[in-house]
Amino acid sequence: MTVAAALQIAILGLLLGGVYALMSSGLTLMFGVMRVVNLAHGAFIVLAAYFSFFMWDLVGIDPFVSMVLALPLFFLLGAVVYRVFFPRIEGSPRFTEMTVLMTFGFAFVVEGLMSYYFTGIFRTASPGYARVSITVGSFYIPTGQLLAAGASALLLISLWAFLKFTHTGYGVRATMQNRDAAQIVGVDVRRVSTVAFGIGMALAGGAGALISFILPFFPARHWQWIAILLSLVVLGGMGSLKGAVIGALGLAVASSFVGDIVGLVWAPITFFGALFVILMVRPQGLFGKKARV
Amino acid sequence: MAEQTTLGHPVELGEMARPSRVRWAVVGVATLLLLVLPLARFLDSYNYVLQIATVIFMWVSLSSSWNILGGYTGYISLGHNVFFGIGGYVAGLLLLELGWSPFLTAPLAGLVSMLLGLVAGLITYRTQGPSFIISTIALLLVVTLLMDNWSYLGGSSGLSLPLPGFDRDWLKVPFYYAMLVAAIGAVLLAYRVQHSKFGLALRAIASDEVKAEMAGISTRRFKVMAFSLSAFFPGVVGAVWGYSLAYLRPVIFFLIAVAARMVLMAIIGGRGTVAGPVIGAILIVVLDEASVSFLGASELNLVITGLLLVVTLLFFPLGIVGTLRDKNRLPSWLDWD
């Protein structure tokens with residue numbers, strides 16, 4: 001493999017990694033703030049992809065417009081889901097485990113409804129920019145992927161700015177660091193959790209809209225995605241946003257190489273292989289603190 | 001119950017020594033009925049009932065096995081159907097390559113599954129809670145990917161198996177008995193685990209792993225053992241099930257929905273109880289049949305699975321058996337612990 005070919009693969013990997021980073025950021029946020037492992041995150045991403053696909057296919061609205069629309073819609077959905085379901089199980093002794101099982105149930109409900117109404121056909125939205133690419137020197141860059149990675153970066157930077165500079169963002173970060181202590185110093189943990197869950201879901205909505213024109217999808221597709229995303233989250237250290245982003249970029253590049261050398265179908269093995277290795281060597285993940293389960 | 005378990009006070013070991021007469025009568029009558037059920041073939045074309053019973057036995061075996069890891073030990077596996085599929089493929093290959101009947105090789109298939117369970121246990125034993133659950137999903141997806149793309153095993157289109165050479169009218173009967181044996185075996189295994197020091201250790205791990213470790217229990221060894229043990233019967237029933245379908249295909253065994261079924265049955269019946277997975281399996285299989293014949297769409301079946309899981313967790317997380325016991329209203333014929 002020449003250096004130029006390797007660079008080309010790395011570029012494609014990085015572009016995909018940007019979207020993976022966005023997809024896993026919501027998951028990480030939910031775990032970090034609420035200790036919720038949301039197995040339905042992938043299913044909601046697929047739901048958003050359908051939203052964007054049908055907006056494009058039936059109404060002709062551009063996926064980027066759908067993305068902007070999906071953010072508040074999915075925020076609301078997230079806030080409602082959180083308020084309806086989670087306070088009921090808040091006191092249970094194995095809360096995180098309960099959330100895994102409950103969101104496992106959500107995933108089947110969402111997948112089943114999507115299969116019923118949208119059928120199992122592969123879908124991809126096909127706006128003009130998804131079919132062309134630009135050439136920089138000797139490298140070619142698919143325009144759609146570039147735009148999607150750019151939008152992901154923008155959303156991730158907004159998330160960072162929100163967490164860093166707003167009052168609610170302080171509350172979210174405080175809750176991520178220590179839930180009990182945050183409550184003691186006067187953070188309204190319930191409200192912060194609702195907001196954080198909403199934001200996590202909004203990120204799923206945004207990611208889904210972007211996915212709709214770069215990856216083909218069908219209802220059951222979310223299992224593969226959620227497994228990849230969860231691998232990233234564990235790898236980065238559960239609840240570490242920085243870890244999830246670095247893990248997403250690094251492993252997406254690695255998986256592009258695996259896909260190129262071994263065969264495209266084996267690319268996902270990269271994520272799971274990395275997960276197993278990290279679990280054996282450093283169970284708390286790259287950037288995680290020793291777990292207190 | 002796990003909360004009452006105190007190490008060094010084997011309370012439950014004492015309690016097991018008073019089986020009520022009613023319970024044994026119920027068990028005896030039920031066993032007798034199950035043994036003679038295939039005779040109903042003479043009355044009518046009774047194959048439908050036989051088929052449903054066979055499927056119920058299969059799920060009893062699967063969810064009781066899951067319960068050893070997910071119920072007693074408190075380690076939830078969402079990829080446990082891996083062992084179900086491995087069993088199916090091991091027995092199928094032995095049939096195709098060597099002509100050995102899966103009825104004879106099923107225990108061997110179970111042992112291979114156990115071995116894989118041991119490996120999986122060794123990979124994951126340092127993880128807890130969510131990380132463990134995630135790694136079981138990853139395990140499932142890795143195996144699915146392998147099976148989908150391994151041309152020797154037919155890839156995603158699978159392998160066809162020769163039908164057994166029995167008389168067509170009686171074709172279902174040997175499968176019925178094989179699954180019955182697997183179901184009884186898995187329930188007995190769960191019972192033995194429940195009433196052994198090993199089971200006590202597992203429940204100690206479930207209620208507080210750090211304390212269990214400090215009390216001198218080698219938690220890692222016990223967890224790996226529980227993982228391995230819970231993989232045996234899924235392998236056995238996988239072998240029998242694959243043979244009864246006469247073909248093996250990754251989508252039959254490796255869909256995560258199959259794992260979800262095991263989890264749902266154990267939870268709805270009562271996690272960590274012997275009778276729970278049995279009740280859960282009967283309930284869900286019957287419900288499945290009803291929903292397929294009334295609604296006719298398997299997608300909605302998925303929705304029902306999800307809804308049932310959510311509703312159970314929200315309103316009676318202890319499951320049917322656990323909730324009834326909690327309220328002291330568990331009838332003695334359901335108290336198998």
# chains A, B, ... in the order shown; residues from 1 in each chain; ligands from 1
>>> closest_atom_pairs(of="segment 65-179 of chain A", to="segment 206-228 of chain A", cutoff="12 Å", atoms="only C-alpha atoms", output="tab-separated table")
residue	atom	partner	partner_atom	distance
A:Val65	CA	A:Ala209	CA	9.0
A:Ser66	CA	A:Ala209	CA	6.4
A:Met67	CA	A:Gly206	CA	5.0
A:Val68	CA	A:Gly206	CA	7.2
A:Leu69	CA	A:Gly206	CA	8.6
A:Ala70	CA	A:Gly206	CA	6.1
A:Leu71	CA	A:Gly206	CA	5.8
A:Pro72	CA	A:Gly206	CA	9.6
A:Leu73	CA	A:Gly206	CA	10.1
A:Phe74	CA	A:Gly206	CA	8.5
A:Phe75	CA	A:Gly206	CA	10.2
A:Thr103	CA	A:Ile226	CA	11.7
A:Phe104	CA	A:Trp223	CA	10.4
A:Ala107	CA	A:His222	CA	8.6
A:Phe108	CA	A:Ala220	CA	9.2
A:Val109	CA	A:Pro219	CA	11.0
A:Val110	CA	A:Pro219	CA	8.5
A:Glu111	CA	A:Pro219	CA	5.5
A:Gly112	CA	A:Pro219	CA	7.8
A:Leu113	CA	A:Pro219	CA	8.9
A:Met114	CA	A:Pro219	CA	5.9
A:Ser115	CA	A:Pro219	CA	5.7
A:Tyr116	CA	A:Pro219	CA	9.4
A:Tyr117	CA	A:Pro219	CA	10.1
A:Phe118	CA	A:Pro219	CA	8.1
A:Thr119	CA	A:Pro219	CA	7.8
A:Gly120	CA	A:Phe218	CA	5.6
A:Ile121	CA	A:Phe218	CA	6.0
A:Phe122	CA	A:Phe218	CA	5.0
A:Arg123	CA	A:Phe217	CA	5.4
A:Thr124	CA	A:Pro216	CA	5.0
A:Ala125	CA	A:Phe213	CA	4.7
A:Ser126	CA	A:Phe213	CA	5.9
A:Pro127	CA	A:Phe213	CA	7.4
A:Gly128	CA	A:Phe213	CA	10.1
A:Tyr129	CA	A:Phe213	CA	9.3
A:Ala130	CA	A:Phe213	CA	6.4
A:Arg131	CA	A:Phe213	CA	9.4
A:Val132	CA	A:Ile214	CA	11.8
A:Pro142	CA	A:Ile214	CA	9.5
A:Thr143	CA	A:Ile214	CA	10.0
A:Gly144	CA	A:Ile214	CA	6.7
A:Gln145	CA	A:Ile214	CA	6.3
A:Leu146	CA	A:Ile214	CA	10.0
A:Leu147	CA	A:Leu210	CA	8.9
A:Ala148	CA	A:Leu210	CA	5.7
A:Ala149	CA	A:Leu210	CA	8.7
A:Gly150	CA	A:Leu210	CA	10.4
A:Ala151	CA	A:Leu210	CA	8.1
A:Ser152	CA	A:Ala207	CA	7.4
A:Ala153	CA	A:Ala207	CA	11.0
A:Leu154	CA	A:Gly206	CA	11.0
A:Leu155	CA	A:Gly206	CA	8.3
A:Leu156	CA	A:Gly206	CA	10.7
>>> write_last_selection(atoms="C-alpha atoms", output="compact mmCIF listing (two decimals), in the first residue's frame")
# COMPACT_ATOMS: atom_id res chain seq x y z
CA VAL A 65 -32.82 21.22 7.11
CA SER A 66 -34.23 17.99 8.56
CA MET A 67 -31.26 17.87 10.89
CA VAL A 68 -32.08 21.32 12.21
CA LEU A 69 -35.72 20.26 12.63
CA ALA A 70 -34.77 16.95 14.23
CA LEU A 71 -32.79 18.62 17.02
CA PRO A 72 -35.75 20.23 18.87
CA LEU A 73 -38.13 17.38 17.98
CA PHE A 74 -35.84 14.74 19.40
CA PHE A 75 -34.99 16.93 22.37
CA THR A 103 -33.97 0.65 26.88
CA PHE A 104 -33.46 -2.83 25.40
CA ALA A 107 -35.23 -0.58 21.10
CA PHE A 108 -37.52 -3.47 20.19
CA VAL A 109 -40.62 -1.29 20.32
CA VAL A 110 -39.07 1.34 18.03
CA GLU A 111 -37.57 -1.27 15.69
CA GLY A 112 -40.81 -3.24 15.49
CA LEU A 113 -42.87 -0.15 14.72
CA MET A 114 -40.39 0.98 12.07
CA SER A 115 -40.38 -2.47 10.46
CA TYR A 116 -44.16 -2.49 10.47
CA TYR A 117 -44.65 0.94 8.96
CA PHE A 118 -41.50 1.45 6.87
CA THR A 119 -40.74 -2.22 5.92
CA GLY A 120 -37.27 -3.72 5.92
CA ILE A 121 -36.08 -2.21 2.61
CA PHE A 122 -32.65 -0.53 2.54
CA ARG A 123 -33.04 3.24 2.34
CA THR A 124 -30.70 6.13 1.58
CA ALA A 125 -31.62 9.75 0.94
CA SER A 126 -29.93 10.93 -2.24
CA PRO A 127 -29.53 14.71 -2.38
CA GLY A 128 -27.19 15.92 -5.13
CA TYR A 129 -24.14 16.39 -2.92
CA ALA A 130 -24.32 12.77 -1.73
CA ARG A 131 -23.42 11.54 -5.19
CA VAL A 132 -20.43 13.74 -6.02
CA PRO A 142 -17.04 12.43 -1.07
CA THR A 143 -18.85 15.73 -0.65
CA GLY A 144 -21.74 14.26 1.34
CA GLN A 145 -19.40 12.69 3.90
CA LEU A 146 -17.38 15.88 4.16
CA LEU A 147 -20.51 17.94 4.81
CA ALA A 148 -21.78 15.38 7.33
CA ALA A 149 -18.46 15.35 9.19
CA GLY A 150 -18.48 19.15 9.18
CA ALA A 151 -21.99 19.28 10.62
CA SER A 152 -21.00 16.69 13.25
CA ALA A 153 -18.02 18.80 14.25
CA LEU A 154 -20.26 21.84 14.49
CA LEU A 155 -22.76 20.04 16.72
CA LEU A 156 -19.98 18.61 18.91
>>> closest_atom_pairs(of="chain B", to="chain A", cutoff="9 Å", atoms="only C-alpha atoms", output="CSV")
residue,atom,partner,partner_atom,distance
B:Ile76,CA,A:Glu97,CA,8.2
B:Leu122,CA,A:Met280,CA,8.7
B:Ile123,CA,A:Met280,CA,6.2
B:Thr124,CA,A:Leu279,CA,6.8
B:Tyr125,CA,A:Met280,CA,8.4
B:Arg126,CA,A:Pro283,CA,6.5
B:Thr127,CA,A:Pro283,CA,6.0
B:Gln128,CA,A:Val293,CA,7.4
B:Gly129,CA,A:Glu97,CA,6.4
B:Pro130,CA,A:Glu97,CA,6.5
B:Ser131,CA,A:Val234,CA,6.6
B:Ile133,CA,A:Val100,CA,8.3
B:Ile134,CA,A:Leu230,CA,6.6
B:Ser135,CA,A:Phe276,CA,7.3
B:Ile137,CA,A:Ala227,CA,6.6
B:Ala138,CA,A:Phe272,CA,5.8
B:Leu139,CA,A:Phe272,CA,7.7
B:Leu141,CA,A:Gln224,CA,7.3
B:Val142,CA,A:Ile269,CA,6.4
B:Leu145,CA,A:Trp266,CA,7.5
B:Leu146,CA,A:Trp266,CA,8.6
B:Asn149,CA,A:Val265,CA,8.0
B:Ile256,CA,A:Trp223,CA,8.1
B:Ala257,CA,A:Phe108,CA,8.1
B:Ala260,CA,A:Phe104,CA,8.2
B:Val263,CA,A:Leu101,CA,8.9
B:Ala297,CA,A:Tyr116,CA,7.9
B:Ser298,CA,A:Gly112,CA,8.5
B:Glu299,CA,A:Gly112,CA,4.8
B:Leu300,CA,A:Gly112,CA,5.8
B:Asn301,CA,A:Gly112,CA,7.5
B:Leu302,CA,A:Gly112,CA,5.1
B:Val303,CA,A:Val109,CA,4.1
B:Ile304,CA,A:Val109,CA,7.2
B:Thr305,CA,A:Phe108,CA,7.1
B:Gly306,CA,A:Gly105,CA,3.8
B:Leu307,CA,A:Gly105,CA,6.3
B:Leu308,CA,A:Gly105,CA,7.8
B:Leu309,CA,A:Gly105,CA,5.5
B:Val310,CA,A:Met102,CA,5.2
B:Val311,CA,A:Met102,CA,8.8
B:Leu313,CA,A:Met102,CA,6.8
B:Leu314,CA,A:Ile89,CA,6.7
B:Phe315,CA,A:Arg88,CA,8.9
>>> residues_around(residues="Leu241 of chain A", least_positions_apart="4", cutoff="12 Å", atoms="only C-alpha atoms", output="compact mmCIF listing (two decimals) with N, CA and C atoms, in the first residue's frame")
# COMPACT_ATOMS: atom_id res chain seq x y z
N ALA A 21 -18.51 9.86 16.12
CA ALA A 21 -18.29 10.65 17.34
C ALA A 21 -19.58 11.33 17.77
N LEU A 22 -20.30 11.88 16.79
CA LEU A 22 -21.57 12.53 17.11
C LEU A 22 -22.57 11.51 17.64
N MET A 23 -22.61 10.34 16.96
CA MET A 23 -23.55 9.31 17.38
C MET A 23 -23.27 8.85 18.81
N SER A 24 -21.98 8.72 19.16
CA SER A 24 -21.69 8.20 20.49
C SER A 24 -21.69 9.29 21.56
N SER A 25 -21.63 10.58 21.15
CA SER A 25 -21.59 11.62 22.17
C SER A 25 -22.87 11.64 23.00
N GLY A 26 -24.01 11.45 22.34
CA GLY A 26 -25.28 11.46 23.07
C GLY A 26 -25.34 10.33 24.09
N LEU A 27 -24.85 9.18 23.65
CA LEU A 27 -24.83 8.00 24.52
C LEU A 27 -23.96 8.24 25.75
N THR A 28 -22.79 8.85 25.49
CA THR A 28 -21.86 9.13 26.58
C THR A 28 -22.44 10.13 27.56
N LEU A 29 -23.10 11.15 27.00
CA LEU A 29 -23.71 12.18 27.85
C LEU A 29 -24.75 11.54 28.78
N MET A 30 -25.59 10.69 28.21
CA MET A 30 -26.63 10.05 29.01
C MET A 30 -26.02 9.20 30.11
N PHE A 31 -24.97 8.46 29.77
CA PHE A 31 -24.36 7.64 30.81
C PHE A 31 -23.66 8.52 31.85
N GLY A 32 -22.95 9.52 31.36
CA GLY A 32 -22.19 10.36 32.27
C GLY A 32 -23.07 11.07 33.28
N VAL A 33 -24.19 11.62 32.82
CA VAL A 33 -25.03 12.42 33.71
C VAL A 33 -25.98 11.55 34.52
N LEU A 156 -20.81 18.98 17.76
CA LEU A 156 -19.98 18.61 18.91
C LEU A 156 -19.38 19.85 19.57
N ILE A 157 -18.99 20.83 18.74
CA ILE A 157 -18.44 22.06 19.31
C ILE A 157 -19.52 22.81 20.07
N LEU A 159 -22.03 21.47 21.57
CA LEU A 159 -22.22 20.72 22.81
C LEU A 159 -21.15 21.12 23.82
N TRP A 160 -19.92 21.16 23.35
CA TRP A 160 -18.81 21.52 24.23
C TRP A 160 -19.02 22.93 24.79
N LEU A 163 -21.74 22.97 27.41
CA LEU A 163 -21.32 22.40 28.68
C LEU A 163 -20.35 23.34 29.40
N ARG A 173 -22.22 19.29 33.96
CA ARG A 173 -20.88 18.78 34.23
C ARG A 173 -20.70 18.42 35.70
N MET A 176 -22.23 15.15 36.21
CA MET A 176 -21.39 14.09 35.66
C MET A 176 -20.27 13.73 36.62
N GLY A 200 -29.04 14.45 24.69
CA GLY A 200 -28.53 13.18 24.16
C GLY A 200 -29.40 12.69 23.01
N LEU A 232 -17.34 1.99 21.51
CA LEU A 232 -16.61 3.26 21.60
C LEU A 232 -16.72 3.87 22.99
N VAL A 233 -17.95 3.80 23.53
CA VAL A 233 -18.18 4.43 24.83
C VAL A 233 -17.39 3.71 25.92
N VAL A 234 -17.39 2.36 25.86
CA VAL A 234 -16.62 1.60 26.85
C VAL A 234 -15.14 1.86 26.67
N LEU A 235 -14.74 1.87 25.41
CA LEU A 235 -13.34 2.07 25.08
C LEU A 235 -12.82 3.40 25.60
N GLY A 236 -13.61 4.45 25.40
CA GLY A 236 -13.17 5.77 25.81
C GLY A 236 -13.23 5.96 27.31
N GLY A 237 -13.89 5.03 28.00
CA GLY A 237 -14.12 5.20 29.43
C GLY A 237 -15.53 5.72 29.57
N VAL A 245 -14.97 10.64 21.65
CA VAL A 245 -14.62 11.28 20.38
C VAL A 245 -13.30 10.73 19.85
N ILE A 246 -12.29 10.65 20.73
CA ILE A 246 -10.99 10.12 20.29
C ILE A 246 -11.13 8.67 19.83
N GLY A 247 -11.88 7.88 20.61
CA GLY A 247 -12.09 6.47 20.24
C GLY A 247 -12.78 6.37 18.88
N ALA A 248 -13.80 7.22 18.66
CA ALA A 248 -14.54 7.15 17.40
C ALA A 248 -13.62 7.45 16.21
N LEU A 286 -10.12 3.85 28.28
CA LEU A 286 -8.93 4.69 28.12
C LEU A 286 -8.94 5.90 29.06
N PHE A 287 -10.08 6.61 29.10
CA PHE A 287 -10.13 7.83 29.88
C PHE A 287 -11.06 7.71 31.09
N GLY A 288 -11.42 6.48 31.45
CA GLY A 288 -12.38 6.31 32.52
C GLY A 288 -11.72 6.27 33.88
>>> select_by_dssp(residues="segment 2-187 of chain A", states="helix (DSSP H, G or I)", output="NGL selection string")
:A and (3-34 or 41-59 or 63-89 or 95-118 or 128-131 or 143-165 or 167-177 or 179-184)
>>> write_last_selection(atoms="C-alpha atoms", output="short mmCIF file (atom, residue, chain, number, x, y, z; two decimals), in the first residue's frame")
data_model
loop_
_atom_site.label_atom_id
_atom_site.label_comp_id
_atom_site.auth_asym_id
_atom_site.auth_seq_id
_atom_site.Cartn_x
_atom_site.Cartn_y
_atom_site.Cartn_z
CA VAL A 3 1.46 6.30 1.36
CA ALA A 4 -1.03 8.11 -0.84
CA ALA A 5 -3.45 5.16 -0.75
CA ALA A 6 -3.07 4.91 3.02
CA LEU A 7 -3.78 8.62 3.40
CA GLN A 8 -6.86 8.27 1.22
CA ILE A 9 -8.17 5.48 3.47
CA ALA A 10 -7.37 7.52 6.57
CA ILE A 11 -9.30 10.51 5.21
CA LEU A 12 -12.39 8.40 4.53
CA GLY A 13 -12.06 6.85 7.97
CA LEU A 14 -11.82 10.23 9.67
CA LEU A 15 -14.92 11.51 7.87
CA LEU A 16 -16.93 8.50 9.05
CA GLY A 17 -15.35 8.79 12.50
CA GLY A 18 -16.70 12.32 12.80
CA VAL A 19 -20.24 11.02 12.45
CA TYR A 20 -19.56 8.11 14.81
CA ALA A 21 -18.29 10.65 17.34
CA LEU A 22 -21.57 12.53 17.11
CA MET A 23 -23.55 9.31 17.38
CA SER A 24 -21.69 8.20 20.49
CA SER A 25 -21.59 11.62 22.17
CA GLY A 26 -25.28 11.46 23.07
CA LEU A 27 -24.83 8.00 24.52
CA THR A 28 -21.86 9.13 26.58
CA LEU A 29 -23.71 12.18 27.85
CA MET A 30 -26.63 10.05 29.01
CA PHE A 31 -24.36 7.64 30.81
CA GLY A 32 -22.19 10.36 32.27
CA VAL A 33 -25.03 12.42 33.71
CA MET A 34 -27.69 9.86 34.52
CA HIS A 41 -29.89 5.10 21.04
CA GLY A 42 -29.22 3.35 17.73
CA ALA A 43 -32.92 2.76 17.18
CA PHE A 44 -33.63 6.48 17.69
CA ILE A 45 -30.82 7.32 15.27
CA VAL A 46 -32.49 5.09 12.67
CA LEU A 47 -35.83 6.75 13.45
CA ALA A 48 -34.27 10.15 12.76
CA ALA A 49 -32.74 8.77 9.57
CA TYR A 50 -36.23 7.74 8.44
CA PHE A 51 -37.55 11.20 9.33
CA SER A 52 -34.86 12.80 7.18
CA PHE A 53 -35.30 10.23 4.39
CA PHE A 54 -39.05 10.77 4.10
CA MET A 55 -38.67 14.54 4.32
CA TRP A 56 -36.32 14.30 1.35
CA ASP A 57 -38.17 11.62 -0.58
CA LEU A 58 -41.74 12.84 -0.13
CA VAL A 59 -41.43 16.57 0.48
CA PRO A 63 -31.41 16.47 5.05
CA PHE A 64 -29.53 19.40 6.61
CA VAL A 65 -32.82 21.22 7.11
CA SER A 66 -34.23 17.99 8.56
CA MET A 67 -31.26 17.87 10.89
CA VAL A 68 -32.08 21.32 12.21
CA LEU A 69 -35.72 20.26 12.63
CA ALA A 70 -34.77 16.95 14.23
CA LEU A 71 -32.79 18.62 17.02
CA PRO A 72 -35.75 20.23 18.87
CA LEU A 73 -38.13 17.38 17.98
CA PHE A 74 -35.84 14.74 19.40
CA PHE A 75 -34.99 16.93 22.37
CA LEU A 76 -38.66 16.98 23.27
CA LEU A 77 -38.99 13.25 22.66
CA GLY A 78 -36.02 12.63 24.92
CA ALA A 79 -37.29 14.87 27.70
CA VAL A 80 -40.69 13.19 27.61
CA VAL A 81 -39.23 9.66 27.54
CA TYR A 82 -37.02 10.54 30.48
CA ARG A 83 -39.81 12.06 32.56
CA VAL A 84 -42.29 9.27 31.87
CA PHE A 85 -40.09 6.24 32.42
CA PHE A 86 -37.01 6.98 34.46
CA PRO A 87 -38.21 8.53 37.73
CA ARG A 88 -40.11 5.27 38.36
CA ILE A 89 -36.98 3.19 38.49
CA PHE A 95 -30.32 1.38 38.40
CA THR A 96 -27.88 1.19 35.46
CA GLU A 97 -28.72 -2.43 34.82
CA MET A 98 -32.42 -1.58 34.92
CA THR A 99 -31.88 1.16 32.35
CA VAL A 100 -30.08 -1.30 30.07
CA LEU A 101 -32.99 -3.73 30.20
CA MET A 102 -35.62 -1.04 29.85
CA THR A 103 -33.97 0.65 26.88
CA PHE A 104 -33.46 -2.83 25.40
CA GLY A 105 -37.27 -2.97 25.47
CA PHE A 106 -37.55 0.52 23.90
CA ALA A 107 -35.23 -0.58 21.10
CA PHE A 108 -37.52 -3.47 20.19
CA VAL A 109 -40.62 -1.29 20.32
CA VAL A 110 -39.07 1.34 18.03
CA GLU A 111 -37.57 -1.27 15.69
CA GLY A 112 -40.81 -3.24 15.49
CA LEU A 113 -42.87 -0.15 14.72
CA MET A 114 -40.39 0.98 12.07
CA SER A 115 -40.38 -2.47 10.46
CA TYR A 116 -44.16 -2.49 10.47
CA TYR A 117 -44.65 0.94 8.96
CA PHE A 118 -41.50 1.45 6.87
CA GLY A 128 -27.19 15.92 -5.13
CA TYR A 129 -24.14 16.39 -2.92
CA ALA A 130 -24.32 12.77 -1.73
CA ARG A 131 -23.42 11.54 -5.19
CA THR A 143 -18.85 15.73 -0.65
CA GLY A 144 -21.74 14.26 1.34
CA GLN A 145 -19.40 12.69 3.90
CA LEU A 146 -17.38 15.88 4.16
CA LEU A 147 -20.51 17.94 4.81
CA ALA A 148 -21.78 15.38 7.33
CA ALA A 149 -18.46 15.35 9.19
CA GLY A 150 -18.48 19.15 9.18
CA ALA A 151 -21.99 19.28 10.62
CA SER A 152 -21.00 16.69 13.25
CA ALA A 153 -18.02 18.80 14.25
CA LEU A 154 -20.26 21.84 14.49
CA LEU A 155 -22.76 20.04 16.72
CA LEU A 156 -19.98 18.61 18.91
CA ILE A 157 -18.44 22.06 19.31
CA SER A 158 -21.85 23.49 20.24
CA LEU A 159 -22.22 20.72 22.81
CA TRP A 160 -18.81 21.52 24.23
CA ALA A 161 -19.61 25.24 24.35
CA PHE A 162 -22.94 24.55 26.02
CA LEU A 163 -21.32 22.40 28.68
CA LYS A 164 -18.48 24.88 29.18
CA PHE A 165 -20.18 28.27 29.15
CA HIS A 167 -25.32 27.80 33.59
CA THR A 168 -27.17 24.57 32.79
CA GLY A 169 -23.98 23.24 31.24
CA TYR A 170 -22.20 23.77 34.58
CA GLY A 171 -24.95 21.81 36.25
CA VAL A 172 -24.62 19.00 33.74
CA ARG A 173 -20.88 18.78 34.23
CA ALA A 174 -21.21 18.93 37.99
CA THR A 175 -23.73 16.11 37.88
CA MET A 176 -21.39 14.09 35.66
CA GLN A 177 -18.61 14.50 38.19
CA ARG A 179 -24.32 13.38 41.32
CA ASP A 180 -24.78 13.53 45.09
CA ALA A 181 -22.42 16.43 45.60
CA ALA A 182 -24.10 18.36 42.77
CA GLN A 183 -27.44 17.89 44.49
CA ILE A 184 -26.00 19.13 47.78
#
>>> residues_around(residues="Arg325 of chain B", least_positions_apart="6", cutoff="12 Å", atoms="only C-alpha atoms", output="list in words")
Met1, Gly269, Gly270, Thr273, Ala275, Gly276, Phe316, Leu318, Gly319, Pro331, Ser332, Leu334, Asp335, Trp336 and Asp337 of chain B
>>> write_last_selection(atoms="N, CA and C atoms", output="mmCIF file, in the first residue's frame")
data_model
loop_
_atom_site.group_PDB
_atom_site.id
_atom_site.type_symbol
_atom_site.label_atom_id
_atom_site.label_comp_id
_atom_site.auth_asym_id
_atom_site.auth_seq_id
_atom_site.Cartn_x
_atom_site.Cartn_y
_atom_site.Cartn_z
ATOM 1 N N MET B 1 -34.361 -15.882 49.002
ATOM 2 C CA MET B 1 -34.115 -14.627 48.291
ATOM 3 C C MET B 1 -32.688 -14.167 48.562
ATOM 4 N N GLY B 269 -41.133 -14.076 34.361
ATOM 5 C CA GLY B 269 -41.454 -15.158 35.291
ATOM 6 C C GLY B 269 -40.888 -14.901 36.672
ATOM 7 N N GLY B 270 -39.724 -14.346 36.718
ATOM 8 C CA GLY B 270 -39.071 -14.066 37.995
ATOM 9 C C GLY B 270 -37.606 -14.446 37.936
ATOM 10 N N THR B 273 -35.334 -17.253 40.229
ATOM 11 C CA THR B 273 -36.160 -18.305 40.814
ATOM 12 C C THR B 273 -36.150 -19.493 39.857
ATOM 13 N N ALA B 275 -38.787 -21.567 39.217
ATOM 14 C CA ALA B 275 -40.039 -21.680 38.456
ATOM 15 C C ALA B 275 -40.228 -20.537 37.471
ATOM 16 N N GLY B 276 -39.593 -19.383 37.744
ATOM 17 C CA GLY B 276 -39.810 -18.190 36.941
ATOM 18 C C GLY B 276 -39.651 -18.396 35.441
ATOM 19 N N PHE B 316 -43.614 -4.662 37.884
ATOM 20 C CA PHE B 316 -43.252 -5.735 38.820
ATOM 21 C C PHE B 316 -41.905 -6.353 38.464
ATOM 22 N N LEU B 318 -39.781 -7.870 39.999
ATOM 23 C CA LEU B 318 -39.419 -9.184 40.537
ATOM 24 C C LEU B 318 -40.012 -10.320 39.711
ATOM 25 N N GLY B 319 -40.862 -9.989 38.757
ATOM 26 C CA GLY B 319 -41.498 -11.022 37.946
ATOM 27 C C GLY B 319 -42.667 -11.661 38.663
ATOM 28 N N PRO B 331 -48.411 -19.741 45.552
ATOM 29 C CA PRO B 331 -48.951 -21.072 45.836
ATOM 30 C C PRO B 331 -47.815 -22.093 45.909
ATOM 31 N N SER B 332 -47.989 -23.086 46.747
ATOM 32 C CA SER B 332 -46.861 -23.992 47.014
ATOM 33 C C SER B 332 -46.453 -24.770 45.772
ATOM 34 N N LEU B 334 -46.049 -23.630 42.981
ATOM 35 C CA LEU B 334 -45.165 -22.804 42.160
ATOM 36 C C LEU B 334 -43.837 -22.535 42.855
ATOM 37 N N ASP B 335 -43.748 -22.937 44.103
ATOM 38 C CA ASP B 335 -42.541 -22.644 44.858
ATOM 39 C C ASP B 335 -41.541 -23.779 44.682
ATOM 40 N N TRP B 336 -40.714 -23.655 43.659
ATOM 41 C CA TRP B 336 -39.792 -24.740 43.353
ATOM 42 C C TRP B 336 -38.417 -24.519 43.953
ATOM 43 N N ASP B 337 -38.251 -23.378 44.601
ATOM 44 C CA ASP B 337 -36.898 -23.062 45.081
ATOM 45 C C ASP B 337 -36.516 -23.899 46.296
#
>>> select_by_dssp(residues="segment 94-199 of chain A", states="strand (DSSP E or B)", output="number ranges by chain")
A: 123, 133-136, 139-142
>>> atom_distance(atom1="atom CA of Ala183 of chain B", atom2="atom CA of Leu115 of chain B")
20.7 Å
>>> residues_around(residues="segment 68-75 of chain B", least_positions_apart="5", cutoff="10 Å", atoms="only C-alpha atoms", output="number ranges by chain")
A: 94, 97; B: 1-2, 63, 80, 127-130, 132-133, 186, 189-191, 193-194, 199-209, 219, 222-231, 263, 266-267, 270-274, 276-277
>>> residues_around(residues="Ile86 of chain B", least_positions_apart="5", cutoff="12 Å", atoms="only C-alpha atoms", output="ChimeraX atom specification")
/B:80-81,91-93,106,108-117,140,143-144,146-147,153,231-242,248-250,252-254
